[in-house]
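Shown next, in structure tokens, is the structure this report addresses.
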Amino acid sequence: MTINRLAPSRSLWRQGWQRLLKNKVAVVSGVFIILLSLIAYFAEYLAPYSFDTTDMSRILEGPSLDHLLGTDSLGRDLLSRIIYGSRMSMAVGVYSAIISFILGSVYGAMAGWFGGRIDALFMRLIDILYSIPTVVLMILVKIVFDEFQFFSDPETKALTSVLAALSVVGWMTLARVVRGQVMQVKQSLYIEAARAIGAKSHWIVIKHIFPNILGPIIVLLTFQIPSNILFESSLSFIGLGLQPPFSSWGVLASAGWKSLRAFPHLIIAPGVAMFVTMLAFNFLGDGLRDAFDPKLKK
């Protein structure tokens, strides 16, 4: 006589993680992002030179053994500036995504949970903001924030103004996604059971709803981080983002554009760094979406 044993149940997160590990492109992209984050964090130890060390005798040199990616117009090592620039670009991308996550999650959860007039009011505000072109909105927020912030340190002032500009743009899409997910999940039976036993609204949202909608939110964040890096580079390129002596990939690309024909290595190196990083985030986002989407489960 044989006894049929039931296979042990696996949680949605565990199943998604196992499916993600089978996606080699997503895994390689995740490893690359982790390595890039470590390089950015330990930039001062890994860079062969300081980002502001000048050598006027070696201005605008091409790649060599001493300077693997060449030097810029002030004789600064380009590889070192790209390594230091990864710290600023990754910080802008990640921090602005975290701020957008907090704002969008709270805003979208309130709209989806309460519904009715509150939902209509909240969504009309987002529609108004969406009607303003993205670049114009970022420029307006940055200009206003530069006028009213109280930071005396130039680096902190420049970084916080860029973060504010990117966060104001990024939270709206996240708020819409969270609102839709909350409106869908709040109709579930376990939410009705929590209401029946007298659980408070904020506890239900935090304890029962958010853990079940984190999958789509995390996937969206992986796409938003490279978008923020690109937006920061665009602002720096047109002179409204971070500016020298600060080193970010956008600053380096803006400086290299001025001498594209004569010294193409100045823009190729930061351009390739941005391209590979954004490609890795997009591959990781695709892998996460395929892994945690129940509709794609085999």
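Letters for chains follow the order of the structure tokens (A, B, ...), residue numbers begin at 1 for each chain, and ligand numbers begin at 1 in the order shown.
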Spatial neighbours of His202 (chain A), max dist 10 Å, only C-alpha atoms, sep filter under 5 positions, as a ChimeraX atom specification = /A:109-110,113,207-209
C-alpha atoms of the current selection, written as an mmCIF file, in the first residue's frame:
data_model
loop_
_atom_site.group_PDB
_atom_site.id
_atom_site.type_symbol
_atom_site.label_atom_id
_atom_site.label_comp_id
_atom_site.auth_asym_id
_atom_site.auth_seq_id
_atom_site.Cartn_x
_atom_site.Cartn_y
_atom_site.Cartn_z
ATOM 1 C CA ALA A 109 -2.713 53.535 -0.322
ATOM 2 C CA MET A 110 -4.885 56.354 1.041
ATOM 3 C CA TRP A 113 -8.317 52.367 0.684
ATOM 4 C CA LYS A 207 0.048 44.264 7.963
ATOM 5 C CA HIS A 208 -2.138 42.604 5.342
ATOM 6 C CA ILE A 209 -2.226 44.646 2.131
#
Determine which residues of region 101-255 of chain A DSSP labels as alpha helix (DSSP H) from the backbone of this structure, then write them out as a ChimeraX atom specification.
-> /A:101-114,116-131,134-148,154-185,189-196,201-204,210-237,249-255
Contact residues around Ile217 (chain A) with only C-alpha atoms at 8 Å, ignoring same-chain residues under 5 positions, as a ChimeraX atom specification = /A:174,177-178
Given the selection you just returned, output its residues as a file containing C-alpha atoms, formatted as a PDB file, in the first residue's frame.
ATOM      1  CA  LEU A 174       4.048  54.549  -8.133  1.00  0.00           C
ATOM      2  CA  VAL A 177       0.126  51.389  -9.164  1.00  0.00           C
ATOM      3  CA  VAL A 178      -0.291  51.214  -5.371  1.00  0.00           C
TER       4      VAL A 178
END
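The nearest approach to Ser201 (chain A) among the residues A:Phe114, A:Ser167, A:Asn282, A:Gly104, with only C-alpha atoms taken into account, belongs to A:Phe114.
Between CA of Leu266 (chain A) and CA of Leu74 (chain A) the separation is 11.9 Å.
The list of residues with at least one atom within 12 Å of Leu125 (chain A), based on only C-alpha atoms and without residues fewer than 6 positions apart in the same chain, reads Tyr107, Gly108, Ala111, Ile118, Asp119, Ser131, Ile132, Met172, Ala175 and Arg176 of chain A.
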Expected file: the selected residues, N, CA and C atoms, as a PDB file, in the first residue's frame:
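The result, written out as part-v8.pdb:
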ATOM      1  N   TYR A 107       0.427  57.884  -0.518  1.00  0.00           N
ATOM      2  CA  TYR A 107      -0.601  58.579  -1.297  1.00  0.00           C
ATOM      3  C   TYR A 107      -1.531  57.582  -1.982  1.00  0.00           C
ATOM      4  N   GLY A 108      -0.947  56.597  -2.659  1.00  0.00           N
ATOM      5  CA  GLY A 108      -1.761  55.620  -3.373  1.00  0.00           C
ATOM      6  C   GLY A 108      -2.566  54.735  -2.440  1.00  0.00           C
ATOM      7  N   ALA A 111      -5.595  56.725  -1.258  1.00  0.00           N
ATOM      8  CA  ALA A 111      -6.595  56.847  -2.322  1.00  0.00           C
ATOM      9  C   ALA A 111      -7.322  55.533  -2.560  1.00  0.00           C
ATOM     10  N   ILE A 118     -12.284  61.081  -1.776  1.00  0.00           N
ATOM     11  CA  ILE A 118     -10.847  61.198  -1.517  1.00  0.00           C
ATOM     12  C   ILE A 118     -10.052  60.650  -2.692  1.00  0.00           C
ATOM     13  N   ASP A 119     -10.467  59.500  -3.189  1.00  0.00           N
ATOM     14  CA  ASP A 119      -9.790  58.908  -4.338  1.00  0.00           C
ATOM     15  C   ASP A 119      -9.897  59.825  -5.552  1.00  0.00           C
ATOM     16  N   SER A 131      -0.161  66.406 -16.568  1.00  0.00           N
ATOM     17  CA  SER A 131      -0.354  67.270 -17.730  1.00  0.00           C
ATOM     18  C   SER A 131       0.849  68.182 -17.972  1.00  0.00           C
ATOM     19  N   ILE A 132       1.702  68.360 -16.963  1.00  0.00           N
ATOM     20  CA  ILE A 132       2.905  69.179 -17.110  1.00  0.00           C
ATOM     21  C   ILE A 132       4.024  68.298 -17.664  1.00  0.00           C
ATOM     22  N   MET A 172       4.417  59.738  -8.799  1.00  0.00           N
ATOM     23  CA  MET A 172       3.061  59.706  -9.338  1.00  0.00           C
ATOM     24  C   MET A 172       2.711  58.349  -9.951  1.00  0.00           C
ATOM     25  N   ALA A 175       2.251  55.887  -7.193  1.00  0.00           N
ATOM     26  CA  ALA A 175       0.983  56.087  -6.486  1.00  0.00           C
ATOM     27  C   ALA A 175      -0.166  55.439  -7.240  1.00  0.00           C
ATOM     28  N   ARG A 176      -0.173  55.544  -8.549  1.00  0.00           N
ATOM     29  CA  ARG A 176      -1.239  54.920  -9.341  1.00  0.00           C
ATOM     30  C   ARG A 176      -1.195  53.394  -9.235  1.00  0.00           C
TER      31      ARG A 176
END
If we count only C-alpha atoms, what is near region 223-239 of chain A at a cut-off of 8 Å, once residues fewer than 4 positions away on the same chain are taken out, given as a ChimeraX atom specification?
-> /A:89-90,92-94,96-97,162,166,170,219,243,248-251,253-254,274,277-278,281-282,285
For the residues in the current selection, export C-alpha atoms as a compact mmCIF listing (two decimals), in the first residue's frame.
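Once everything was written out, this is selection-v5.txt:
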# COMPACT_ATOMS: atom_id res chain seq x y z
CA SER A 89 24.66 58.76 -9.93
CA MET A 90 23.70 55.65 -7.95
CA VAL A 92 20.62 59.99 -6.89
CA GLY A 93 18.89 57.02 -8.54
CA VAL A 94 18.41 54.97 -5.37
CA SER A 96 15.05 59.40 -5.25
CA ALA A 97 13.44 55.99 -5.83
CA VAL A 162 18.12 67.11 -7.73
CA LEU A 166 13.29 63.55 -9.41
CA GLY A 170 8.70 59.67 -9.83
CA VAL A 219 9.56 45.60 -10.02
CA GLN A 243 27.78 70.79 -11.82
CA SER A 248 28.49 62.32 -11.86
CA TRP A 249 28.06 60.52 -15.15
CA GLY A 250 25.84 63.33 -16.42
CA VAL A 251 28.45 65.94 -15.54
CA ALA A 253 28.98 63.44 -20.40
CA SER A 254 28.18 67.16 -20.51
CA MET A 274 25.29 54.78 -18.06
CA THR A 277 24.01 50.27 -15.77
CA MET A 278 20.58 51.08 -17.20
CA PHE A 281 18.55 47.46 -14.15
CA ASN A 282 16.14 46.85 -17.02
CA GLY A 285 13.37 44.44 -13.66
